[in-house]
>>> print(open('run02.cif').read())   # mmCIF, C-alpha atoms and all ligand atoms
data_run
loop_
_atom_site.label_atom_id
_atom_site.label_comp_id
_atom_site.auth_asym_id
_atom_site.auth_seq_id
_atom_site.Cartn_x
_atom_site.Cartn_y
_atom_site.Cartn_z
CA MET A 243 135.03 126.98 97.05
CA PRO A 244 138.56 128.26 97.77
CA ARG A 245 141.53 126.53 96.13
CA SER A 246 142.22 123.40 98.03
CA PHE A 247 145.30 121.44 99.03
CA SER A 248 143.11 118.91 100.81
CA SER A 249 143.18 116.06 98.32
CA ASP A 250 143.96 115.20 94.74
CA ASN A 251 140.30 114.16 94.66
CA ALA A 252 139.33 117.84 94.99
CA ALA A 253 140.50 118.46 91.41
CA THR A 254 138.33 118.62 88.33
CA VAL A 255 138.19 115.99 85.59
CA HIS A 256 140.71 116.62 82.81
CA PRO A 257 139.02 117.89 79.58
CA GLU A 258 140.65 115.13 77.48
CA VAL A 259 138.91 112.58 79.69
CA LEU A 260 135.56 114.29 79.21
CA GLU A 261 136.22 114.38 75.45
CA TYR A 262 136.89 110.65 75.42
CA LEU A 263 133.70 110.03 77.37
CA ALA A 264 131.80 111.97 74.70
CA ARG A 265 133.55 109.96 71.99
CA VAL A 266 132.27 106.61 73.30
CA ASN A 267 128.85 108.06 74.04
CA VAL A 268 127.49 106.96 70.66
CA GLY A 269 125.20 104.07 69.83
CA HIS A 270 124.69 100.90 71.77
CA ALA A 271 127.46 98.80 73.27
CA THR A 272 127.33 95.41 74.91
CA ALA A 273 127.18 95.75 78.68
CA TYR A 274 129.42 94.41 81.47
CA GLY A 275 132.69 94.85 79.58
CA TYR A 276 131.94 92.85 76.45
CA ASP A 277 132.27 95.93 74.26
CA GLU A 278 134.95 97.15 71.86
CA TRP A 279 136.17 99.97 74.14
CA THR A 280 136.80 97.67 77.07
CA GLN A 281 138.67 95.27 74.80
CA ARG A 282 140.77 98.18 73.60
CA MET A 283 141.42 99.21 77.21
CA VAL A 284 142.74 95.72 77.98
CA GLY A 285 145.17 96.09 75.07
CA VAL A 286 146.37 99.47 76.35
CA PHE A 287 147.03 98.11 79.85
CA GLN A 288 148.92 95.23 78.22
CA GLN A 289 151.08 97.71 76.31
CA HIS A 290 152.06 99.34 79.61
CA PHE A 291 152.30 96.25 81.82
CA GLY A 292 153.01 93.36 79.45
CA GLU A 293 150.81 90.79 77.76
CA ASP A 294 150.26 88.71 80.87
CA CYS A 295 148.20 91.32 82.63
CA LEU A 296 144.43 91.62 82.96
CA PRO A 297 142.74 94.80 84.21
CA PHE A 298 139.27 94.88 85.76
CA PRO A 299 137.69 98.33 86.28
CA VAL A 300 135.99 98.88 89.62
CA PHE A 301 134.07 101.76 91.14
CA ASN A 302 136.69 103.07 93.57
CA GLY A 303 140.09 102.48 95.10
CA THR A 304 138.68 100.87 98.20
CA GLY A 305 136.88 98.41 95.93
CA ALA A 306 140.12 97.58 94.11
CA ASN A 307 142.00 97.03 97.37
CA VAL A 308 139.29 94.95 99.00
CA LEU A 309 138.87 92.79 95.89
CA ALA A 310 142.65 92.29 95.80
CA VAL A 311 142.41 90.88 99.33
CA LYS A 312 139.30 88.86 98.59
CA ALA A 313 140.83 87.40 95.42
CA THR A 314 143.96 86.20 97.19
CA CYS A 315 143.02 85.36 100.78
CA LYS A 316 140.96 82.85 102.73
CA PRO A 317 139.37 83.93 106.04
CA TRP A 318 142.25 82.43 108.03
CA ASN A 319 144.82 84.50 106.16
CA SER A 320 146.45 87.76 107.18
CA VAL A 321 147.55 90.77 105.18
CA MET A 322 150.54 92.89 106.18
CA CYS A 323 150.54 96.59 105.46
CA THR A 324 151.71 99.76 107.19
CA ASP A 325 149.71 101.27 110.02
CA VAL A 326 148.89 104.25 107.78
CA ALA A 327 147.91 102.16 104.74
CA HIS A 328 144.61 103.21 103.22
CA LEU A 329 143.65 99.55 103.42
CA TYR A 330 144.12 99.56 107.19
CA ALA A 331 143.31 103.12 108.23
CA ASP A 332 140.78 104.47 105.74
CA GLU A 333 138.54 101.71 104.47
CA CYS A 334 136.17 101.46 107.43
CA GLY A 335 137.16 97.87 108.08
CA ALA A 336 135.97 96.78 104.62
CA PRO A 337 138.84 94.32 104.11
CA GLU A 338 138.03 92.69 107.45
CA GLN A 339 134.27 92.73 106.82
CA ILE A 340 134.24 91.73 103.17
CA ALA A 341 137.33 89.56 102.81
CA GLY A 342 137.12 88.37 106.42
CA VAL A 343 140.89 88.57 106.94
CA LYS A 344 143.11 89.87 109.71
CA LEU A 345 145.16 92.93 108.84
CA VAL A 346 148.59 93.21 110.44
CA PRO A 347 149.56 96.90 110.64
CA ILE A 348 153.31 97.57 110.78
CA VAL A 349 154.79 100.90 111.83
CA ALA A 350 157.14 101.90 109.03
CA PRO A 351 159.29 105.02 108.58
CA GLN A 352 158.09 107.07 105.60
CA ALA A 353 155.19 104.58 105.29
CA LYS A 354 157.46 102.10 103.50
CA LEU A 355 157.69 98.43 104.42
CA THR A 356 161.08 96.75 104.16
CA PRO A 357 162.15 93.08 104.20
CA GLU A 358 163.42 93.64 107.78
CA LEU A 359 160.09 95.08 108.93
CA ILE A 360 157.99 92.24 107.55
CA ALA A 361 160.37 89.38 108.40
CA PRO A 362 159.05 88.80 111.97
CA TYR A 363 155.51 88.39 110.66
CA LEU A 364 156.37 85.80 108.01
CA ARG A 365 157.25 83.16 110.59
CA GLY A 366 155.12 80.66 112.51
CA THR A 367 153.00 79.55 109.57
CA GLY A 368 151.34 76.18 109.14
CA GLN A 369 149.99 76.11 112.72
CA GLU A 370 146.23 75.80 113.03
CA HIS A 371 146.34 78.14 116.05
CA GLN A 372 147.75 81.00 114.06
CA VAL A 373 146.48 83.16 111.27
CA GLN A 374 148.34 82.33 108.06
CA PRO A 375 150.15 85.20 106.31
CA ARG A 376 149.17 85.41 102.65
CA LEU A 377 149.50 88.92 101.28
CA VAL A 378 151.75 91.95 101.73
CA SER A 379 150.22 95.21 100.57
CA ILE A 380 152.36 98.27 99.84
CA THR A 381 151.19 101.67 98.63
CA ASN A 382 153.12 103.52 95.90
CA SER A 383 153.36 106.47 96.09
CA THR A 384 152.74 106.06 99.80
CA GLU A 385 150.22 107.71 102.08
CA TYR A 386 153.12 109.97 103.17
CA GLY A 387 153.94 111.04 99.61
CA THR A 388 157.12 108.98 99.55
CA VAL A 389 158.03 106.54 96.80
CA TYR A 390 159.28 102.95 96.82
CA THR A 391 162.03 102.54 94.20
CA VAL A 392 162.06 99.63 91.77
CA ALA A 393 164.85 98.01 93.82
CA GLU A 394 162.87 98.38 97.05
CA VAL A 395 159.80 96.76 95.52
CA HIS A 396 161.96 94.00 94.10
CA ALA A 397 163.57 93.29 97.49
CA LEU A 398 160.13 93.02 99.11
CA ALA A 399 158.81 90.77 96.34
CA GLU A 400 161.75 88.45 96.80
CA ILE A 401 161.17 87.82 100.50
CA VAL A 402 157.39 87.73 100.06
CA HIS A 403 157.59 85.07 97.34
CA LYS A 404 160.26 83.11 99.18
CA HIS A 405 157.72 82.60 101.96
CA GLY A 406 154.94 81.66 99.56
CA LEU A 407 153.07 84.96 99.94
CA LEU A 408 151.88 87.45 97.34
CA LEU A 409 152.64 91.14 96.85
CA HIS A 410 149.87 93.69 96.24
CA MET A 411 150.51 97.32 95.35
CA ASP A 412 147.92 99.98 96.15
CA GLY A 413 148.60 102.24 93.20
CA ALA A 414 146.00 104.91 93.88
CA ARG A 415 148.89 107.26 92.95
CA ILE A 416 151.05 104.95 90.90
CA SER A 417 151.38 107.47 88.07
CA ASN A 418 152.92 109.92 90.55
CA ALA A 419 155.40 107.25 91.65
CA VAL A 420 156.34 106.27 88.09
CA ALA A 421 156.69 109.91 86.99
CA SER A 422 158.82 110.63 90.05
CA LEU A 423 161.17 107.70 89.40
CA GLY A 424 161.34 108.14 85.63
CA CYS A 425 160.72 104.41 85.11
CA THR A 426 157.87 102.58 83.39
CA PHE A 427 154.71 101.16 84.94
CA ARG A 428 155.99 97.72 84.08
CA GLU A 429 159.37 98.17 85.76
CA LEU A 430 157.78 99.31 89.03
CA THR A 431 155.18 96.53 89.14
CA VAL A 432 155.21 93.25 87.26
CA ASP A 433 158.95 93.26 86.53
CA ALA A 434 159.69 94.05 90.18
CA GLY A 435 157.55 91.10 91.32
CA VAL A 436 154.17 92.67 92.12
CA ASP A 437 151.35 90.11 91.76
CA LEU A 438 148.40 92.45 91.63
CA LEU A 439 147.90 96.20 91.50
CA SER A 440 145.13 98.59 92.39
CA PHE A 441 145.62 101.06 89.53
CA GLY A 442 144.37 104.52 90.38
CA GLY A 443 143.24 107.12 87.87
CA THR A 444 140.72 109.18 89.85
CA LYS A 445 143.46 111.13 91.65
CA ASN A 446 145.14 111.79 88.29
CA GLY A 447 142.44 113.49 86.25
CA LEU A 448 139.76 110.80 85.80
CA LEU A 449 136.16 111.09 86.89
CA ALA A 450 135.99 107.66 88.52
CA GLY A 451 138.64 105.34 87.19
CA GLU A 452 140.20 102.59 89.28
CA ALA A 453 141.07 99.07 88.22
CA LEU A 454 142.39 95.89 89.76
CA VAL A 455 145.18 94.60 87.54
CA PHE A 456 146.38 90.99 87.79
CA PHE A 457 149.90 90.02 86.77
CA ASN A 458 149.60 86.55 88.23
CA LEU A 459 146.86 85.13 86.06
CA GLY A 460 146.56 82.06 88.27
CA LEU A 461 144.73 84.34 90.71
CA ILE A 462 141.82 85.23 88.45
CA GLN A 463 140.09 81.86 88.38
CA ASP A 464 137.18 82.93 90.60
CA PHE A 465 137.56 86.65 90.16
CA LEU A 466 134.55 87.31 87.92
CA PHE A 467 132.30 85.85 90.62
CA ILE A 468 134.11 87.72 93.39
CA ARG A 469 133.75 91.03 91.55
CA LYS A 470 130.04 90.57 90.88
CA GLN A 471 129.18 89.26 94.33
CA ASN A 472 130.99 92.20 95.90
CA LEU A 473 129.08 94.80 93.89
CA GLN A 474 132.01 95.99 91.76
CA LEU A 475 130.86 94.95 88.28
CA MET A 476 129.70 97.98 86.36
CA SER A 477 127.25 97.50 83.55
CA LYS A 478 128.13 100.45 81.28
CA MET A 479 131.78 99.48 81.29
CA ARG A 480 132.65 101.44 78.14
CA TYR A 481 132.59 104.65 80.21
CA ALA A 482 135.22 103.28 82.58
CA ALA A 483 137.26 102.04 79.62
CA ALA A 484 137.07 105.44 77.93
CA GLN A 485 138.68 107.11 80.93
CA PHE A 486 141.59 104.69 81.01
CA LEU A 487 142.01 105.07 77.25
CA ALA A 488 142.20 108.84 77.63
CA LEU A 489 144.79 108.47 80.35
CA LEU A 490 146.95 105.67 78.96
CA GLU A 491 146.79 105.70 75.15
CA GLY A 492 148.97 108.78 75.04
CA ASP A 493 151.03 110.47 77.74
CA LEU A 494 148.21 112.17 79.66
CA TRP A 495 148.93 110.05 82.74
CA HIS A 496 152.53 111.28 82.75
CA ARG A 497 151.78 114.92 82.02
CA LEU A 498 149.26 115.14 84.84
CA ALA A 499 151.24 113.21 87.43
CA SER A 500 154.51 115.00 86.76
CA HIS A 501 152.73 118.35 86.98
CA ALA A 502 151.19 117.44 90.36
CA ASN A 503 154.62 116.26 91.55
CA ALA A 504 156.24 119.49 90.34
CA MET A 505 153.65 121.55 92.23
CA ALA A 506 154.47 119.65 95.43
CA GLN A 507 158.17 120.39 94.84
CA LEU A 508 157.36 124.07 94.34
CA LEU A 509 155.41 124.07 97.59
CA TYR A 510 158.23 122.29 99.40
CA GLN A 511 160.79 124.79 98.10
CA GLY A 512 158.53 127.61 99.26
CA VAL A 513 158.04 126.40 102.84
CA LYS A 514 161.19 124.46 103.69
CA ASP A 515 163.08 127.50 104.99
CA ILE A 516 160.22 129.01 106.97
CA PRO A 517 161.46 128.69 110.58
CA GLU A 518 158.03 127.94 112.05
CA ILE A 519 157.32 125.13 109.57
CA THR A 520 158.88 121.67 109.68
CA VAL A 521 158.45 119.43 106.66
CA THR A 522 158.14 115.92 108.10
CA GLN A 523 158.55 113.63 105.08
CA PRO A 524 160.69 113.58 101.96
CA VAL A 525 158.67 115.14 99.12
CA GLN A 526 158.85 112.53 96.36
CA ALA A 527 155.40 112.64 94.79
CA ASN A 528 152.46 115.06 95.04
CA GLY A 529 152.09 115.54 98.79
CA VAL A 530 153.82 117.69 101.41
CA PHE A 531 153.53 116.89 105.13
CA ALA A 532 154.41 119.58 107.64
CA ILE A 533 154.09 120.65 111.26
CA LEU A 534 153.12 124.27 111.86
CA PRO A 535 151.75 126.33 114.74
CA GLY A 536 148.03 126.03 115.47
CA HIS A 537 147.18 129.70 114.87
CA VAL A 538 148.85 129.59 111.42
CA ARG A 539 147.07 126.35 110.54
CA GLU A 540 143.67 127.73 111.35
CA ALA A 541 144.22 131.14 109.73
CA VAL A 542 145.55 129.77 106.44
CA ARG A 543 142.78 127.18 106.29
CA ASN A 544 140.25 129.99 105.85
CA ASP A 545 141.77 130.74 102.45
CA PHE A 546 143.04 127.34 101.32
CA PHE A 547 141.35 124.21 102.57
CA PHE A 548 143.41 121.22 103.75
CA TYR A 549 143.20 118.48 106.35
CA ASP A 550 145.13 117.75 109.51
CA TRP A 551 147.11 114.54 109.27
CA ASP A 552 148.05 114.16 112.94
CA ALA A 553 146.30 116.84 114.96
CA ALA A 554 148.08 115.73 118.13
CA VAL A 555 151.39 117.07 116.82
CA GLY A 556 150.03 119.77 114.53
CA GLU A 557 150.90 117.88 111.35
CA VAL A 558 149.02 118.62 108.16
CA ARG A 559 148.87 117.10 104.69
CA TRP A 560 148.98 119.31 101.59
CA MET A 561 148.13 117.52 98.35
CA CYS A 562 148.75 118.89 94.88
CA SER A 563 146.81 117.71 91.87
CA TRP A 564 146.90 117.93 88.08
CA ASP A 565 145.04 121.23 88.20
CA THR A 566 147.04 122.89 90.99
CA THR A 567 148.68 125.95 89.45
CA ALA A 568 151.99 127.61 90.28
CA GLU A 569 149.90 130.68 91.19
CA ASP A 570 147.93 128.59 93.73
CA VAL A 571 151.16 127.46 95.32
CA LYS A 572 152.75 130.90 95.32
CA ALA A 573 149.65 132.47 96.91
CA PHE A 574 149.55 129.72 99.53
CA VAL A 575 153.24 130.12 100.38
CA ALA A 576 152.89 133.90 100.52
CA ARG A 577 150.02 133.58 103.01
CA LEU A 578 152.04 131.14 105.13
CA LYS A 579 154.98 133.56 105.13
CA VAL A 580 152.80 136.44 106.30
CA LEU A 581 151.20 134.35 109.06
CA THR A 582 154.49 132.98 110.33
CA GLY A 583 156.21 136.36 110.20
CA ALA A 584 158.66 135.11 107.55
CA ALA A 585 157.49 137.53 104.85
C1 LIG B 601 146.45 105.27 99.17
C2 LIG B 601 145.03 105.23 98.75
N1 LIG B 601 144.50 104.08 98.35
C3 LIG B 601 143.24 104.00 97.91
C4 LIG B 601 142.43 105.10 97.87
C5 LIG B 601 141.07 104.95 97.27
O1 LIG B 601 140.04 105.49 97.90
P1 LIG B 601 138.56 105.59 97.31
O2 LIG B 601 137.87 104.33 97.71
O3 LIG B 601 138.04 106.78 97.96
O4 LIG B 601 138.64 105.69 95.81
C6 LIG B 601 142.92 106.33 98.35
C7 LIG B 601 142.07 107.54 98.38
O5 LIG B 601 142.22 108.42 99.15
C8 LIG B 601 144.25 106.39 98.78
O6 LIG B 601 144.79 107.55 99.21
#
>>> encode(input="run02.cif", output="structure tokens", more="lines below")
Ligand SMILES: Cc1ncc(COP(=O)(O)O)c(C=O)c1O
Amino acid sequence: MPRSFSSDNAATVHPEVLEYLARVNVGHATAYGYDEWTQRMVGVFQQHFGEDCLPFPVFNGTGANVLAVKATCKPWNSVMCTDVAHLYADECGAPEQIAGVKLVPIVAPQAKLTPELIAPYLRGTGQEHQVQPRLVSITNSTEYGTVYTVAEVHALAEIVHKHGLLLHMDGARISNAVASLGCTFRELTVDAGVDLLSFGGTKNGLLAGEALVFFNLGLIQDFLFIRKQNLQLMSKMRYAAAQFLALLEGDLWHRLASHANAMAQLLYQGVKDIPEITVTQPVQANGVFAILPGHVREAVRNDFFFYDWDAAVGEVRWMCSWDTTAEDVKAFVARLKVLTGAA
């Protein structure tokens, strides 16, 4: 397969993760998370996020997001998110089907909600005729490769909590956001007022590592039942734990995410001055969004695979990952320059 800028899921698993999997692959361990490795994983999450956090591994990011909704909402509740949120646009209606809630999609520049954007939807509660707002879900880094700062998350949390709602962060790429900002996981989440987080590792070098992390422990009362009933309780939990340990015990999470971010910057620097290419979003994490002529899109796709984002306007999404190399980027940019006549 040619080198791909299609998704950070196209990348391989980092060798240190595979090594850790081999390390726990010895002897018997109690199933369903009652093993020493899972206990150790809880401790490592608590080192990053504070003692009042509890992580629950799940099978995928959609599972983490849907369980976040299910754990916080009743069927008469609504969840606000952007109109490009994975939760709204890419989960096949699972939140509606499984949690039974109404999603309220909000058009937001750079895929970032603001207090002003959500304010109109916080009103009118308490009426039996209306769906009751309960959760605001933001994605960081966003589906557009932009990043909410700590202050922006804090401002959202303030208005959300003032109205008695909760704040969820879809952190499928949270390591990219934290590496980009130069802050800590804790500063961008629990300290900024996030109540629960879908922590993503699969896009940052893991094989299959996602977890729902609670910072508001009052929300976990029924969670063990919710997780099991919704098919997200894995039996051989030590293998999920091993992946998070590989990522979070040392600085692997940061090395991989900052490399992916740097590759996106390199790509941005390479294409930003090509007259036929318009970069459409600020490049703050590991994705570059751009509009380019149809013939260039199709020709370059033969050598480097990637997806259209908005085919109607010729916009594409280029994702970099932990294993994208500077040579990959340079070859890609060179091809784009030849095809656009900028070489
Ligand atoms: C923003 C975001 N959230 C969540 C996910 C998780 O998706 P999956 O269920 O494929 O792990 C993705 C994957 O593309 C994503 O981009």
>>> axis_aligned_box(input="run02.cif", around="ligand LIG 601 (chain B)", padding_each_side="4 Å", output="AutoDock Vina command-line options")
--center_x 142.2 --center_y 106.2 --center_z 97.5 --size_x 16.6 --size_y 12.4 --size_z 11.4
>>> atom_distance(input="run02.cif", atom1="CA of Leu578 in chain A", atom2="CA of Ala527 in chain A")
21.5 Å
>>> residues_around(input="run02.cif", residues="Gln288 in chain A", least_positions_apart="6", cutoff="10 Å", atoms="all atoms listed in the file", output="PDB file with C-alpha atoms, in the coordinates of the input")
ATOM      1  CA  ARG A 282     140.770  98.180  73.600  1.00  0.00           C
ATOM      2  CA  ASP A 294     150.260  88.710  80.870  1.00  0.00           C
ATOM      3  CA  CYS A 295     148.200  91.320  82.630  1.00  0.00           C
ATOM      4  CA  LEU A 296     144.430  91.620  82.960  1.00  0.00           C
ATOM      5  CA  PRO A 297     142.740  94.800  84.210  1.00  0.00           C
ATOM      6  CA  ARG A 428     155.990  97.720  84.080  1.00  0.00           C
TER       7      ARG A 428
END
>>> residues_around(input="run02.cif", residues="Gly387 in chain A", least_positions_apart="6", cutoff="7 Å", atoms="all atoms listed in the file", output="ChimeraX atom specification")
/A:525-530
>>> closest_residue(input="run02.cif", among="A:Met561, A:Val436, A:Val378, A:Ala502", to="ligand LIG 601 (chain B)", atoms="all atoms listed in the file")
A:Met561
>>> residues_around(input="run02.cif", residues="Leu473 in chain A", least_positions_apart="6", cutoff="10 Å", atoms="all atoms listed in the file", output="PDB file with C-alpha atoms, keeping the file's coordinate frame")
ATOM      1  CA  VAL A 300     135.990  98.880  89.620  1.00  0.00           C
ATOM      2  CA  PHE A 301     134.070 101.760  91.140  1.00  0.00           C
ATOM      3  CA  GLY A 305     136.880  98.410  95.930  1.00  0.00           C
TER       4      GLY A 305
END
>>> residues_around(input="run02.cif", residues="Tyr481 in chain A", least_positions_apart="4", cutoff="9 Å", atoms="all atoms listed in the file", output="PyMOL selection string")
chain A and resi 262-263+266-267+279-280+485
>>> closest_atom_pairs(input="run02.cif", of="chain A", to="ligand LIG 601 (chain B)", cutoff="7 Å", atoms="all atoms listed in the file", output="Markdown table")
| residue | atom | partner | partner_atom | distance |
| --- | --- | --- | --- | --- |
| A:Asn302 | CA | B:LIG601 | O4 | 4.0 |
| A:Gly303 | CA | B:LIG601 | C5 | 3.4 |
| A:Thr304 | CA | B:LIG601 | O2 | 3.6 |
| A:Gly305 | CA | B:LIG601 | O2 | 6.3 |
| A:Ala327 | CA | B:LIG601 | C1 | 6.5 |
| A:His328 | CA | B:LIG601 | C1 | 4.9 |
| A:Leu329 | CA | B:LIG601 | N1 | 6.9 |
| A:Thr381 | CA | B:LIG601 | C1 | 6.0 |
| A:Thr384 | CA | B:LIG601 | C1 | 6.4 |
| A:Glu385 | CA | B:LIG601 | C1 | 5.4 |
| A:Asp412 | CA | B:LIG601 | N1 | 5.8 |
| A:Gly413 | CA | B:LIG601 | N1 | 6.8 |
| A:Ala414 | CA | B:LIG601 | N1 | 4.8 |
| A:Arg415 | CA | B:LIG601 | C1 | 7.0 |
>>> write_last_selection(input="run02.cif", atoms="C-alpha atoms", output="PDB file, in the frame of the given file")
ATOM      1  CA  ASN A 302     136.690 103.070  93.570  1.00  0.00           C
ATOM      2  CA  GLY A 303     140.090 102.480  95.100  1.00  0.00           C
ATOM      3  CA  THR A 304     138.680 100.870  98.200  1.00  0.00           C
ATOM      4  CA  GLY A 305     136.880  98.410  95.930  1.00  0.00           C
ATOM      5  CA  ALA A 327     147.910 102.160 104.740  1.00  0.00           C
ATOM      6  CA  HIS A 328     144.610 103.210 103.220  1.00  0.00           C
ATOM      7  CA  LEU A 329     143.650  99.550 103.420  1.00  0.00           C
ATOM      8  CA  THR A 381     151.190 101.670  98.630  1.00  0.00           C
ATOM      9  CA  THR A 384     152.740 106.060  99.800  1.00  0.00           C
ATOM     10  CA  GLU A 385     150.220 107.710 102.080  1.00  0.00           C
ATOM     11  CA  ASP A 412     147.920  99.980  96.150  1.00  0.00           C
ATOM     12  CA  GLY A 413     148.600 102.240  93.200  1.00  0.00           C
ATOM     13  CA  ALA A 414     146.000 104.910  93.880  1.00  0.00           C
ATOM     14  CA  ARG A 415     148.890 107.260  92.950  1.00  0.00           C
TER      15      ARG A 415
END
>>> build_atoms(input="run02.cif", residues="range 445-460 of chain A", atoms="N, CA, C and O atoms", output="CSV table (one decimal), in the coordinates of the input")
chain,number,residue,atom,x,y,z
A,445,LYS,N,142.6,110.1,91.1
A,445,LYS,CA,143.5,111.1,91.6
A,445,LYS,C,144.3,111.8,90.6
A,445,LYS,O,145.1,112.7,90.9
A,446,ASN,N,144.3,111.3,89.4
A,446,ASN,CA,145.1,111.8,88.3
A,446,ASN,C,144.3,112.2,87.1
A,446,ASN,O,144.7,111.9,85.9
A,447,GLY,N,143.2,112.9,87.3
A,447,GLY,CA,142.4,113.5,86.2
A,447,GLY,C,141.2,112.8,85.8
A,447,GLY,O,140.5,113.3,84.9
A,448,LEU,N,141.0,111.5,86.2
A,448,LEU,CA,139.8,110.8,85.8
A,448,LEU,C,138.6,111.2,86.7
A,448,LEU,O,138.7,111.8,87.7
A,449,LEU,N,137.4,110.8,86.2
A,449,LEU,CA,136.2,111.1,86.9
A,449,LEU,C,136.0,110.0,88.0
A,449,LEU,O,135.7,110.3,89.1
A,450,ALA,N,136.1,108.8,87.6
A,450,ALA,CA,136.0,107.7,88.5
A,450,ALA,C,136.6,106.5,87.8
A,450,ALA,O,136.0,105.7,87.1
A,451,GLY,N,137.9,106.4,87.9
A,451,GLY,CA,138.6,105.3,87.2
A,451,GLY,C,139.7,104.6,88.0
A,451,GLY,O,140.8,105.1,88.3
A,452,GLU,N,139.3,103.4,88.5
A,452,GLU,CA,140.2,102.6,89.3
A,452,GLU,C,140.1,101.2,88.7
A,452,GLU,O,139.0,100.8,88.2
A,453,ALA,N,141.1,100.4,88.8
A,453,ALA,CA,141.1,99.1,88.2
A,453,ALA,C,141.9,98.2,89.1
A,453,ALA,O,143.0,98.6,89.6
A,454,LEU,N,141.5,96.9,89.2
A,454,LEU,CA,142.4,95.9,89.8
A,454,LEU,C,143.1,95.2,88.6
A,454,LEU,O,142.4,94.7,87.7
A,455,VAL,N,144.4,95.2,88.6
A,455,VAL,CA,145.2,94.6,87.5
A,455,VAL,C,145.9,93.4,88.1
A,455,VAL,O,146.7,93.5,89.0
A,456,PHE,N,145.7,92.2,87.4
A,456,PHE,CA,146.4,91.0,87.8
A,456,PHE,C,147.6,90.8,86.9
A,456,PHE,O,147.5,90.9,85.7
A,457,PHE,N,148.7,90.4,87.5
A,457,PHE,CA,149.9,90.0,86.8
A,457,PHE,C,150.1,88.5,86.9
A,457,PHE,O,150.9,87.9,86.2
A,458,ASN,N,149.5,88.0,88.0
A,458,ASN,CA,149.6,86.6,88.2
A,458,ASN,C,148.2,86.0,87.8
A,458,ASN,O,147.3,86.0,88.6
A,459,LEU,N,148.2,85.5,86.6
A,459,LEU,CA,146.9,85.1,86.1
A,459,LEU,C,146.3,83.9,86.7
A,459,LEU,O,145.1,83.6,86.6
A,460,GLY,N,147.1,83.2,87.5
A,460,GLY,CA,146.6,82.1,88.3
A,460,GLY,C,145.6,82.5,89.3
A,460,GLY,O,144.8,81.7,89.9
